[in-house]
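Here is input05.cif, consisting of mmCIF, C-alpha atoms:
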```cif
data_protein
loop_
_atom_site.label_atom_id
_atom_site.label_comp_id
_atom_site.auth_asym_id
_atom_site.auth_seq_id
_atom_site.Cartn_x
_atom_site.Cartn_y
_atom_site.Cartn_z
CA MET A 139 16.53 29.55 -31.32
CA SER A 140 16.15 33.15 -30.29
CA ARG A 141 18.14 34.19 -27.29
CA ALA A 142 15.22 36.23 -26.08
CA HIS A 143 13.25 32.99 -25.69
CA LYS A 144 15.94 31.31 -23.65
CA PRO A 145 14.64 32.32 -20.18
CA THR A 146 11.12 31.21 -21.14
CA LEU A 147 12.36 27.85 -22.24
CA ILE A 148 14.37 27.48 -19.05
CA CYS A 149 11.26 28.25 -16.98
CA ILE A 150 9.17 25.72 -18.93
CA SER A 151 11.91 23.13 -18.51
CA ILE A 152 12.02 23.76 -14.75
CA CYS A 153 8.24 23.32 -14.50
CA ILE A 154 8.22 20.10 -16.53
CA PHE A 155 11.12 18.78 -14.47
CA ALA A 156 9.25 19.67 -11.27
CA LEU A 157 6.10 17.91 -12.49
CA LEU A 158 8.00 14.78 -13.44
CA SER A 159 10.00 14.90 -10.22
CA GLY A 160 6.84 15.18 -8.19
CA THR A 161 5.34 12.21 -9.96
CA SER A 162 8.37 10.02 -9.59
CA LEU A 163 8.89 11.15 -6.02
CA ALA A 164 5.38 10.10 -5.18
CA GLN A 165 5.73 6.81 -6.96
CA SER A 166 9.04 6.08 -5.27
CA GLY A 167 7.46 7.24 -2.03
CA LYS A 168 4.98 4.39 -2.32
CA ALA A 169 7.74 1.92 -1.92
CA PRO A 170 9.13 1.60 1.57
CA SER A 171 12.76 2.37 2.02
CA VAL A 172 15.20 1.11 4.58
CA THR A 173 18.61 2.64 4.20
CA PHE A 174 21.96 1.52 5.47
CA ALA A 175 24.45 4.08 6.75
CA SER A 176 27.99 3.41 5.63
CA VAL A 177 30.25 2.14 8.38
CA PRO A 178 33.63 3.76 8.98
CA LEU A 179 36.58 1.42 8.55
CA VAL A 180 36.59 -1.06 11.42
CA THR A 181 39.92 -2.09 12.87
CA ALA A 182 39.77 -5.62 14.17
CA PRO A 183 42.79 -7.17 15.89
CA ARG A 184 43.35 -10.84 15.23
CA THR A 185 42.12 -13.28 17.85
CA ALA A 186 39.93 -10.58 19.39
CA GLN A 187 36.23 -9.91 19.01
CA THR A 188 35.26 -6.51 17.66
CA MET A 189 31.66 -5.37 17.62
CA VAL A 190 30.53 -3.52 14.50
CA ASN A 191 27.39 -1.42 14.63
CA LEU A 192 25.34 -1.38 11.46
CA ASN A 193 22.93 1.55 11.41
CA PHE A 194 19.70 1.39 9.47
CA ARG A 195 16.87 3.84 8.97
CA VAL A 196 13.25 3.03 8.19
CA ALA A 197 11.62 5.78 6.17
CA SER A 198 9.09 7.91 7.97
CA GLY A 199 5.57 6.48 7.90
CA PHE A 200 6.73 2.88 7.55
CA HIS A 201 7.60 0.14 9.98
CA ILE A 202 9.24 -3.22 9.59
CA ASN A 203 8.88 -6.27 11.78
CA SER A 204 11.50 -6.70 14.46
CA ASN A 205 13.69 -9.77 14.54
CA THR A 206 11.16 -11.35 16.85
CA PRO A 207 7.67 -10.52 15.59
CA LYS A 208 4.76 -11.77 17.60
CA SER A 209 3.14 -13.85 14.91
CA GLU A 210 4.56 -16.84 13.11
CA PHE A 211 3.12 -15.47 9.88
CA LEU A 212 5.03 -12.21 10.04
CA ILE A 213 8.41 -11.99 8.37
CA PRO A 214 11.19 -11.10 10.82
CA THR A 215 13.92 -8.63 9.98
CA ASN A 216 16.98 -10.73 9.47
CA LEU A 217 20.61 -9.93 8.69
CA LYS A 218 22.51 -12.60 6.88
CA MET A 219 26.24 -12.10 6.45
CA ASP A 220 28.38 -13.97 3.96
CA LEU A 221 30.97 -15.99 5.73
CA PRO A 222 34.48 -14.97 4.71
CA THR A 223 37.38 -17.30 5.13
CA ASP A 224 39.14 -17.15 8.47
CA ILE A 225 37.14 -14.21 9.75
CA VAL A 226 34.53 -15.48 12.08
CA LEU A 227 31.40 -13.43 12.26
CA GLY A 228 30.01 -13.97 15.68
CA LYS A 229 26.57 -13.48 16.97
CA ILE A 230 24.36 -10.87 15.36
CA LYS A 231 22.70 -8.78 18.03
CA TYR A 232 19.32 -7.29 17.11
CA PRO A 233 17.77 -4.43 19.02
CA PRO A 234 14.48 -5.05 20.79
CA GLY A 235 11.52 -3.89 18.76
CA GLN A 236 8.84 -1.48 19.87
CA ASP A 237 5.38 -2.74 20.66
CA LEU A 238 3.12 -0.54 18.57
CA SER A 239 -0.53 -0.68 17.63
CA PHE A 240 -1.62 0.37 14.16
CA PRO A 241 -4.97 1.30 12.67
CA PHE A 242 -5.12 -2.13 11.05
CA SER A 243 -4.26 -3.83 14.32
CA PRO A 244 -5.76 -1.73 17.11
CA ASP A 245 -6.07 -4.56 19.61
CA GLU A 246 -2.90 -6.40 18.82
CA ALA A 247 0.44 -4.63 19.23
CA LEU A 248 3.11 -5.55 16.74
CA ASN A 249 6.80 -5.69 17.58
CA VAL A 250 8.45 -3.46 15.01
CA TYR A 251 11.37 -1.24 14.12
CA THR A 252 10.71 2.33 13.09
CA GLY A 253 13.11 5.19 12.44
CA ASP A 254 16.73 4.37 13.26
CA PHE A 255 17.87 1.03 14.57
CA THR A 256 21.22 -0.65 14.96
CA ILE A 257 22.24 -4.24 14.49
CA ALA A 258 25.59 -5.23 15.98
CA VAL A 259 27.79 -7.87 14.40
CA ALA A 260 30.75 -9.46 16.14
CA VAL A 261 33.85 -9.75 13.96
CA HIS A 262 36.51 -12.15 15.12
CA PRO A 263 39.55 -12.62 12.83
CA LEU A 264 41.44 -15.79 13.49
CA HIS A 265 45.18 -15.85 14.12
CA SER A 266 45.72 -17.19 10.62
CA VAL A 267 44.24 -14.13 8.89
CA VAL A 268 46.76 -12.06 6.98
CA PRO A 269 46.56 -8.46 8.21
CA GLY A 270 44.90 -6.22 5.66
CA LYS A 271 41.59 -4.84 4.51
CA TYR A 272 38.61 -7.13 4.02
CA VAL A 273 35.10 -6.39 2.84
CA MET A 274 32.21 -8.05 4.64
CA HIS A 275 29.01 -8.52 2.67
CA GLY A 276 25.54 -9.39 3.79
CA VAL A 277 21.86 -8.82 3.20
CA LEU A 278 19.18 -7.38 5.42
CA ARG A 279 15.83 -8.97 4.70
CA PHE A 280 12.82 -7.01 5.84
CA GLN A 281 9.14 -6.62 5.16
CA ALA A 282 7.60 -3.20 5.55
CA CYS A 283 4.13 -1.82 5.99
CA ASP A 284 2.55 1.55 6.49
CA ASN A 285 -0.75 2.17 8.20
CA ALA A 286 -2.86 0.75 5.40
CA GLN A 287 -0.80 -1.57 3.25
CA CYS A 288 2.12 -3.94 3.29
CA PHE A 289 4.89 -4.38 0.80
CA PRO A 290 6.59 -7.57 -0.32
CA PRO A 291 9.79 -8.56 1.49
CA LYS A 292 12.93 -6.88 0.28
CA ASN A 293 16.64 -7.55 0.51
CA LEU A 294 18.98 -4.67 1.28
CA PRO A 295 22.66 -5.29 0.50
CA VAL A 296 24.96 -4.47 3.39
CA SER A 297 28.73 -4.22 3.40
CA PHE A 298 31.48 -2.82 5.55
CA ASP A 299 35.26 -2.80 5.55
CA VAL A 300 37.33 -4.46 8.22
CA LYS A 301 41.02 -3.77 8.67
CA VAL A 302 42.54 -6.79 10.31
CA VAL A 303 45.64 -5.99 12.32
CA LYS A 304 48.00 -8.12 14.31
CA GLU A 305 46.87 -8.97 17.76
CA PRO A 306 48.13 -6.58 20.42
CA PRO A 307 51.21 -7.74 22.19
CA GLY A 308 50.46 -9.54 25.40
CA PRO A 309 51.68 -8.31 28.76
CA ARG A 310 55.43 -8.44 29.06
CA HIS A 311 56.88 -10.72 31.60
CA ASN A 312 60.45 -10.89 32.73
CA PRO A 313 62.08 -13.82 31.13
CA ALA A 314 62.43 -16.68 33.44
CA GLN A 315 65.74 -16.68 35.21
CA SER A 316 67.78 -19.73 34.80
CA PRO A 317 68.43 -21.10 38.17
CA HIS A 318 71.98 -21.03 39.16
CA VAL A 319 73.29 -24.45 39.56
CA HIS A 320 75.73 -24.83 42.24
CA ASN A 321 77.74 -27.83 42.11
CA MET B 284 46.22 48.55 -35.21
CA PRO B 285 44.64 50.21 -32.20
CA GLU B 286 42.95 47.92 -29.70
CA GLU B 287 39.16 47.88 -29.97
CA ILE B 288 37.20 49.14 -27.03
CA ARG B 289 34.54 46.57 -26.11
CA PRO B 290 32.35 47.79 -23.26
CA LEU B 291 30.80 45.37 -20.86
CA CYS B 292 27.08 44.73 -20.85
CA PRO B 293 25.69 46.19 -17.62
CA ASN B 294 23.18 43.33 -17.47
CA CYS B 295 25.30 40.23 -17.86
CA LYS B 296 28.76 41.80 -17.55
CA MET B 297 29.91 40.04 -20.69
CA PRO B 298 31.93 42.03 -23.24
CA LEU B 299 29.60 43.25 -25.95
CA GLU B 300 30.18 41.63 -29.31
CA LYS B 301 30.46 44.91 -31.15
CA SER B 302 33.07 47.57 -30.74
CA LEU B 303 32.25 50.92 -29.25
CA GLU B 304 32.29 52.44 -32.70
CA GLU B 305 29.93 49.82 -34.14
CA LEU B 306 27.56 50.18 -31.22
CA ASN B 307 27.39 53.91 -31.71
CA ARG B 308 26.69 53.46 -35.40
CA GLU B 309 23.93 50.95 -34.57
CA ALA B 310 22.50 53.31 -31.98
CA ALA B 311 22.54 56.19 -34.45
CA ARG B 312 20.68 54.06 -36.95
CA THR B 313 18.15 52.18 -34.77
CA GLY B 314 18.17 54.09 -31.52
CA THR B 315 19.09 51.02 -29.53
CA ALA B 316 21.80 48.44 -29.26
CA GLN B 317 21.49 44.85 -28.16
CA CYS B 318 23.77 42.65 -26.07
CA GLY B 319 24.49 39.48 -28.01
CA ALA B 320 25.01 37.44 -24.85
CA CYS B 321 21.89 38.17 -22.84
CA GLY B 322 19.68 39.85 -25.40
CA ALA B 323 19.16 43.01 -23.33
CA GLN B 324 18.46 46.12 -25.35
CA PHE B 325 19.90 49.50 -24.44
CA HIS B 326 19.93 53.12 -25.43
CA LEU B 327 23.38 54.49 -26.05
CA SER B 328 23.33 57.99 -24.84
CA ASP B 329 26.83 59.22 -24.20
CA ILE B 330 30.45 58.39 -24.40
CA GLU B 331 32.77 59.71 -21.82
CA GLY B 332 36.41 58.77 -21.65
CA GLY B 333 35.90 55.61 -23.62
CA GLN B 334 33.04 54.46 -21.34
CA LEU B 335 29.58 53.89 -22.63
CA ALA B 336 26.74 55.21 -20.59
CA ILE B 337 24.12 52.66 -21.35
CA GLU B 338 20.54 52.79 -20.27
CA PRO B 339 18.03 50.01 -20.60
CA ALA B 340 15.75 50.44 -23.58
CA VAL B 341 12.65 49.31 -21.75
CA ALA B 342 11.67 51.13 -18.65
CA GLY B 343 9.72 49.44 -15.92
CA PRO B 344 10.12 47.02 -13.08
CA ALA B 345 11.42 44.16 -15.21
CA SER B 346 14.28 46.19 -16.59
CA VAL B 347 15.52 47.65 -13.32
CA PRO B 348 17.36 44.58 -12.09
CA ALA B 349 19.00 44.28 -15.48
CA ARG B 350 20.78 47.50 -14.74
CA GLN B 351 21.94 45.96 -11.49
CA GLY B 352 23.36 43.03 -13.39
CA GLY B 353 21.19 40.30 -11.74
CA ARG B 354 18.15 38.20 -12.61
CA ASN B 355 14.75 39.57 -11.91
CA PRO B 356 13.93 38.29 -8.41
CA PHE B 357 10.20 38.65 -9.03
CA ALA B 358 10.40 36.36 -12.04
CA LEU B 359 12.48 33.86 -10.09
CA VAL B 360 9.91 33.82 -7.29
CA VAL B 361 7.11 33.25 -9.81
CA VAL B 362 9.03 30.39 -11.43
CA ALA B 363 9.76 28.91 -8.01
CA ILE B 364 6.08 29.08 -7.02
CA ILE B 365 4.97 27.49 -10.30
CA ALA B 366 7.63 24.77 -9.99
CA THR B 367 6.61 24.05 -6.41
CA GLY B 368 2.96 23.92 -7.42
CA MET B 369 3.66 21.50 -10.22
CA LEU B 370 5.84 19.39 -7.93
CA TYR B 371 2.98 19.19 -5.46
CA PHE B 372 0.47 18.52 -8.23
CA GLY B 373 2.54 15.69 -9.67
CA PHE B 374 3.11 14.27 -6.22
CA SER B 375 -0.52 14.39 -5.19
CA MET B 376 -1.78 12.98 -8.49
CA SER B 377 0.53 10.02 -8.20
CA ARG B 378 -0.34 9.43 -4.57
CA ARG B 379 -4.02 9.26 -5.31
CA SER B 380 -5.28 5.74 -5.40
CA GLY B 381 -8.42 3.89 -4.67
CA PRO B 382 -11.66 3.30 -6.39
CA THR B 383 -11.84 6.52 -8.32
CA HIS B 384 -8.21 6.66 -9.40
CA PRO B 385 -6.88 3.18 -9.92
CA LEU B 386 -3.26 2.80 -10.80
CA GLY B 387 -2.36 0.35 -13.51
CA MET B 388 -5.80 -1.06 -14.38
CA ALA B 389 -8.44 1.22 -15.81
CA HIS B 390 -12.12 0.84 -15.09
CA GLY B 391 -14.03 -0.89 -17.81
CA THR B 392 -11.11 -2.98 -19.00
CA PRO B 393 -11.61 -6.73 -19.13
CA ALA B 394 -10.18 -8.48 -16.09
CA PRO B 395 -7.16 -10.52 -17.19
CA ASP B 396 -8.02 -14.18 -17.06
CA PHE B 397 -5.88 -16.71 -15.22
CA THR B 398 -5.91 -20.23 -13.93
CA LEU B 399 -4.52 -20.89 -10.47
CA ASP B 400 -4.52 -23.75 -8.00
CA SER B 401 -6.71 -23.41 -4.97
CA LEU B 402 -5.90 -24.60 -1.46
CA ASP B 403 -8.03 -27.70 -1.96
CA GLY B 404 -5.95 -28.73 -4.95
CA GLN B 405 -8.46 -27.73 -7.61
CA SER B 406 -7.65 -25.47 -10.53
CA MET B 407 -9.77 -22.39 -10.80
CA ARG B 408 -10.16 -20.23 -13.86
CA LEU B 409 -11.41 -16.70 -13.42
CA SER B 410 -13.48 -16.81 -16.59
CA ASP B 411 -15.39 -19.77 -15.15
CA LEU B 412 -17.06 -17.25 -12.86
CA ARG B 413 -18.70 -15.43 -15.75
CA GLY B 414 -22.07 -14.05 -14.91
CA LYS B 415 -21.05 -13.46 -11.31
CA ALA B 416 -19.70 -10.35 -9.68
CA VAL B 417 -16.19 -11.12 -8.46
CA LEU B 418 -14.17 -9.51 -5.71
CA LEU B 419 -10.60 -10.52 -6.47
CA ASN B 420 -8.54 -9.89 -3.36
CA PHE B 421 -4.74 -10.08 -3.45
CA TRP B 422 -3.38 -10.70 0.03
CA ALA B 423 -0.57 -12.38 1.96
CA THR B 424 -0.18 -14.08 5.31
CA TRP B 425 2.38 -11.44 6.37
CA CYS B 426 0.02 -8.58 5.60
CA GLY B 427 -1.62 -7.15 8.72
CA PRO B 428 -4.15 -4.94 6.91
CA CYS B 429 -5.22 -7.96 4.83
CA LYS B 430 -6.08 -9.73 8.04
CA ILE B 431 -8.50 -6.96 8.97
CA GLU B 432 -10.42 -7.31 5.71
CA MET B 433 -10.90 -11.06 5.88
CA PRO B 434 -13.70 -11.12 8.47
CA TRP B 435 -15.47 -8.48 6.37
CA PHE B 436 -15.09 -10.60 3.26
CA ILE B 437 -16.47 -13.61 5.11
CA GLU B 438 -19.58 -11.67 6.09
CA LEU B 439 -19.92 -10.02 2.68
CA GLN B 440 -19.70 -13.39 0.96
CA LYS B 441 -22.55 -14.62 3.14
CA GLN B 442 -24.56 -11.45 2.58
CA TYR B 443 -24.11 -11.00 -1.16
CA GLY B 444 -23.31 -14.54 -2.27
CA PRO B 445 -26.99 -15.28 -2.98
CA GLN B 446 -27.10 -12.21 -5.23
CA GLY B 447 -24.22 -13.49 -7.31
CA LEU B 448 -21.06 -12.31 -5.55
CA GLN B 449 -18.04 -14.54 -5.50
CA ILE B 450 -15.04 -13.43 -3.45
CA VAL B 451 -11.74 -14.97 -4.52
CA GLY B 452 -8.57 -14.60 -2.48
CA VAL B 453 -5.20 -14.78 -4.19
CA ALA B 454 -2.36 -15.39 -1.73
CA MET B 455 0.73 -13.59 -2.97
CA ASP B 456 3.32 -14.79 -0.50
CA ASP B 457 6.09 -17.32 -0.56
CA SER B 458 4.73 -19.31 2.35
CA SER B 459 3.98 -22.95 1.86
CA LYS B 460 0.53 -24.08 0.84
CA GLU B 461 0.15 -25.60 4.29
CA ASP B 462 0.92 -22.29 6.02
CA ILE B 463 -1.53 -20.43 3.82
CA ALA B 464 -4.17 -23.07 4.46
CA LYS B 465 -3.53 -22.88 8.18
CA PHE B 466 -3.89 -19.10 8.11
CA ALA B 467 -7.07 -19.23 6.05
CA LYS B 468 -8.53 -21.86 8.37
CA GLU B 469 -7.70 -19.77 11.44
CA MET B 470 -9.44 -16.83 9.84
CA GLY B 471 -12.46 -18.95 8.94
CA VAL B 472 -12.33 -18.01 5.25
CA ASN B 473 -15.47 -19.20 3.43
CA TYR B 474 -14.40 -18.35 -0.12
CA PRO B 475 -11.81 -19.92 -2.41
CA VAL B 476 -8.18 -19.01 -1.81
CA LEU B 477 -5.83 -19.42 -4.75
CA LEU B 478 -2.06 -19.74 -4.68
CA GLY B 479 -0.92 -16.60 -6.46
CA LYS B 480 1.83 -16.33 -9.01
CA GLU B 481 3.87 -13.34 -10.06
CA ALA B 482 2.55 -13.48 -13.62
CA VAL B 483 -0.99 -13.06 -12.36
CA GLY B 484 0.07 -10.14 -10.17
CA ASP B 485 1.81 -8.58 -13.17
CA ALA B 486 -1.34 -8.97 -15.25
CA TYR B 487 -3.14 -6.92 -12.60
CA GLY B 488 -0.66 -4.08 -12.59
CA GLY B 489 2.10 -5.62 -10.54
CA VAL B 490 0.26 -5.55 -7.20
CA PRO B 491 3.05 -3.54 -5.54
CA ALA B 492 1.34 -3.46 -2.15
CA LEU B 493 -1.25 -5.50 -0.32
CA PRO B 494 -4.14 -5.69 0.15
CA GLU B 495 -5.38 -4.88 -3.31
CA SER B 496 -8.87 -5.74 -4.49
CA PHE B 497 -10.41 -5.69 -7.93
CA PHE B 498 -14.16 -5.63 -8.37
CA ILE B 499 -15.18 -7.39 -11.55
CA GLY B 500 -18.64 -7.01 -12.99
CA ARG B 501 -20.80 -9.81 -14.30
CA ASP B 502 -19.61 -8.85 -17.78
CA GLY B 503 -15.99 -9.62 -16.82
CA LYS B 504 -14.91 -6.00 -16.74
CA ILE B 505 -13.22 -4.24 -13.87
CA VAL B 506 -15.61 -1.80 -12.25
CA ASP B 507 -13.53 -0.74 -9.28
CA LYS B 508 -10.27 -1.19 -7.47
CA ILE B 509 -9.20 -0.58 -3.90
CA ILE B 510 -5.57 -0.34 -2.87
CA GLY B 511 -4.67 -0.71 0.76
CA LEU B 512 -6.96 -1.01 3.71
CA LYS B 513 -10.12 1.01 3.36
CA GLY B 514 -13.38 0.88 5.24
CA ARG B 515 -15.88 -1.94 4.94
CA ALA B 516 -18.45 0.53 3.60
CA GLU B 517 -16.22 1.36 0.62
CA ILE B 518 -15.76 -2.32 -0.15
CA GLU B 519 -19.48 -2.90 0.08
CA GLU B 520 -20.19 0.00 -2.25
CA SER B 521 -17.81 -1.43 -4.83
CA ILE B 522 -19.42 -4.85 -4.47
CA ARG B 523 -22.80 -3.31 -5.24
CA LYS B 524 -21.35 -1.67 -8.35
CA ALA B 525 -20.10 -5.05 -9.53
CA LEU B 526 -23.44 -6.71 -8.76
CA ASP B 527 -25.31 -4.01 -10.64
CA THR B 528 -23.62 -4.88 -13.92
CA GLN B 529 -25.33 -6.98 -16.55
CA ALA B 530 -23.80 -10.19 -17.76
CA GLY B 531 -23.06 -9.45 -21.40
CA ALA B 532 -23.37 -11.99 -24.17
CA ASN B 533 -19.62 -11.89 -24.62
CA SER B 534 -18.76 -11.88 -20.92
CA SER B 535 -16.81 -15.05 -21.42
CA ALA B 536 -14.68 -13.44 -24.06
CA ALA B 537 -14.11 -10.40 -21.90
CA LEU B 538 -12.59 -12.53 -19.20
CA ALA B 539 -10.89 -15.05 -21.36
CA ALA B 540 -8.29 -12.91 -23.05
CA PRO B 541 -5.49 -12.53 -22.38
CA GLN B 542 -4.74 -15.56 -20.26
CA ALA B 543 -2.10 -14.72 -17.67
CA GLN B 544 0.87 -17.04 -17.97
CA ASN B 545 1.09 -19.11 -14.86
#
```

Once more with this new file: its structure as structure tokens, please.
Amino acid sequence: MSRAHKPTLICISICIFALLSGTSLAQSGKAPSVTFASVPLVTAPRTAQTMVNLNFRVASGFHINSNTPKSEFLIPTNLKMDLPTDIVLGKIKYPPGQDLSFPFSPDEALNVYTGDFTIAVAVHPLHSVVPGKYVMHGVLRFQACDNAQCFPPKNLPVSFDVKVVKEPPGPRHNPAQSPHVHN
Amino acid sequence: MPEEIRPLCPNCKMPLEKSLEELNREAARTGTAQCGACGAQFHLSDIEGGQLAIEPAVAGPASVPARQGGRNPFALVVVAIIATGMLYFGFSMSRRSGPTHPLGMAHGTPAPDFTLDSLDGQSMRLSDLRGKAVLLNFWATWCGPCKIEMPWFIELQKQYGPQGLQIVGVAMDDSSKEDIAKFAKEMGVNYPVLLGKEAVGDAYGGVPALPESFFIGRDGKIVDKIIGLKGRAEIEESIRKALDTQAGANSSAALAAPQAQN
């Protein structure tokens, strides 16, 4: 291959790459995306409840049903965590959805999540848990739509690390004084 | 042995492959010398204190930056514009959908045949509808836009049914048969609703989003396709296209193969 032709070939390669990228970008853009932001290491003392915020983002132009959609036929967004041994995962707290009307539902507002939303999970290590690092796994199930079409439900894997530490020492009390016994 | 003097290329700053002496010989013979690394051609005009004074062989705008040792910014801008244009072109071509640019299923191809159970417990085979124009609508109970189309379909079935239109709904969700039946009853659906299967969806291009409707002519061939919620007028236009087709002698064969696994 002539060296003089190298820049031309590079330019052609860039153009072909751009064309293919555009195509795949558009095709991937057809599928809704909900992304999960990684959670910094959570320190959770034993016997105490620690709230962990899980941050999600719905891609622009899409919406997903809230945890409490208004119709029984709509699929709610639902986080299901695997239950690890001795670490109790308490209540999962969902944010309230927004009531929004869409072109396909002008008279009936839907309760949805758009953009960023946060689901809080309570982590409660029992006294028996050996201090150390644990990985919590779960799945966010959601069903997304845009203004003209809906996409089948999807499962988004979710995980975060929890560092279980010993419970903080309780308040110090003076040891009880032995009563003097006077005989 | 004295150390060879290898001047640097003023374009790419790489040491030239040939020694100063060789370059001068080449210049004396051909008038120019070429950098082996970047291919730039130069005139060798003078030697002063072991330094080559090298001038680009080709004058003009494209050669000026070479003297400065960088890429031609004009060329880079042109490449960037072309790349951006092609990116946009690829993006827009892939985003286009609808009746004129169906994704997955081409117009004129035989509609894949299938047999599915309907809500009333009967089996229905698509090829049994030969001779009729069929609107095959993939939908789901969780699909809001699908819900908008249903009243239109109900009216269109009434309006065009006597002319040979048969609308067929294929429910593509995981809900129970009872839930789907309840939904269809609430909507007042007056056409058969079948319990969809993934294999049937795959046969029709995967049905990645709902609603998705295929308009099948009387000859069993796909005449149009609509992805997503469009206007009633567009649906009606596609119905007319399907009704305008002639039932071919081999319409049965067109629909019958291949049978979607279900």

For this session: Would you please work out which residue, of B:Asp485, B:Asp507, B:Asp456, B:Glu469, is nearest to chain A when using all atoms listed in the file?
Result: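 Among the listed residues, the smallest separation from chain A belongs to B:Asp456.
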
For this session: Apply the PyMOL selection byres ((chain A and resi 209-213) around 12) to the structure shown and report the selected residues as a PyMOL selection string.
Result: (chain A and resi 202-208+214-216+246-250+279-283+288-292) or (chain B and resi 423-427+430+456-459+461-467+469)

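Here the PyMOL selection byres ((chain A and resi 266-272) around 8) catches exactly these residues: Arg184, Asp224, Ile225, Pro263, Leu264, His265, Val273, Met274, Asp299, Val300, Lys301, Val302, Val303 and Lys304 of chain A.
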
Any chance you could export the current selection's C-alpha atoms as a CSV table (one decimal), keeping the file's coordinate frame?
```
chain,number,residue,atom,x,y,z
A,184,ARG,CA,43.4,-10.8,15.2
A,224,ASP,CA,39.1,-17.2,8.5
A,225,ILE,CA,37.1,-14.2,9.8
A,263,PRO,CA,39.6,-12.6,12.8
A,264,LEU,CA,41.4,-15.8,13.5
A,265,HIS,CA,45.2,-15.8,14.1
A,273,VAL,CA,35.1,-6.4,2.8
A,274,MET,CA,32.2,-8.0,4.6
A,299,ASP,CA,35.3,-2.8,5.6
A,300,VAL,CA,37.3,-4.5,8.2
A,301,LYS,CA,41.0,-3.8,8.7
A,302,VAL,CA,42.5,-6.8,10.3
A,303,VAL,CA,45.6,-6.0,12.3
A,304,LYS,CA,48.0,-8.1,14.3
```

Exercise. Near stretch 198-200 of chain A, within 10 Å and counting all atoms listed in the file, which residues show up once chain neighbours fewer than 3 positions away are dropped, as a ChimeraX atom specification?
Worked result: /A:169-172,195,250-254,282-285,287-288

With C-alpha atoms retained, write the just-selected residues as a short mmCIF file (atom, residue, chain, number, x, y, z; two decimals), keeping the file's coordinate frame.
```
data_model
loop_
_atom_site.label_atom_id
_atom_site.label_comp_id
_atom_site.auth_asym_id
_atom_site.auth_seq_id
_atom_site.Cartn_x
_atom_site.Cartn_y
_atom_site.Cartn_z
CA ALA A 169 7.74 1.92 -1.92
CA PRO A 170 9.13 1.60 1.57
CA SER A 171 12.76 2.37 2.02
CA VAL A 172 15.20 1.11 4.58
CA ARG A 195 16.87 3.84 8.97
CA VAL A 250 8.45 -3.46 15.01
CA TYR A 251 11.37 -1.24 14.12
CA THR A 252 10.71 2.33 13.09
CA GLY A 253 13.11 5.19 12.44
CA ASP A 254 16.73 4.37 13.26
CA ALA A 282 7.60 -3.20 5.55
CA CYS A 283 4.13 -1.82 5.99
CA ASP A 284 2.55 1.55 6.49
CA ASN A 285 -0.75 2.17 8.20
CA GLN A 287 -0.80 -1.57 3.25
CA CYS A 288 2.12 -3.94 3.29
#
```

Problem set entry | Of the listed residues B:Ala416, B:Val451, B:Leu291, B:Leu512, that which approaches chain A most closely, counting only C-alpha atoms |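 For chain A, the nearest of the given residues is B:Leu512.
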
Seminar exercise, completed: For B:Gly471, the closest of B:Leu419, B:Ile437, B:Ile510, B:Val453 counting all atoms listed in the file is B:Ile437

For this session: Could you jot down the atom CA of B:Cys429 to atom CA of B:Phe497 separation for me, Å, one decimal place?
Result: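 Those two atoms sit 14.0 Å apart.
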
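Between atom CA of B:Glu495 and atom CA of B:Ile509 there is a distance of 5.8 Å.
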
For this session: Tell me, as a PyMOL selection string, which residues lie within 12 Å of B:Gln446, counting only C-alpha atoms; anything in the same chain fewer than 5 positions away does not count.
Result: chain B and resi 414-417+439-441+501+522-523+525-528

For this session: Kindly extract all protein, DNA and RNA residues lying within 8 Å of the coordinates (-14.0, 1.5, -16.0) given in the file, considering all atoms listed in the file, and supply them as an MDAnalysis selection string.
Result: chainID B and resid 389:392 504:507

Seminar exercise, completed: Computed gap from atom CA of B:Glu432 to atom CA of B:Met455 is 15.5 Å

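Evaluating the PyMOL selection byres ((chain A and resi 180) around 8) against the shown model yields Val177, Pro178, Leu179, Thr181, Ala182, Val190, Phe298, Asp299, Val300 and Lys301 of chain A.
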
For this session: Up to 6 Å from (-7.3, -24.6, -7.8) in the file's coordinates: name the residues, counting all atoms listed in the file, as a ChimeraX atom specification.
Result: /B:399-401,404-407

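Near B:Ala454, within 7 Å and counting all atoms listed in the file, sit Phe421, Trp422, Ala423, Val476, Leu477, Leu478 and Gly479 of chain B; same-chain residues fewer than 5 positions away were not included.
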
Exercise. When distances are computed from all atoms listed in the file, which of B:Leu418, B:Leu448, B:Met470, B:Ala358 shows the smallest separation from chain A?
Worked result: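 Smallest distance to chain A is found for B:Ala358.
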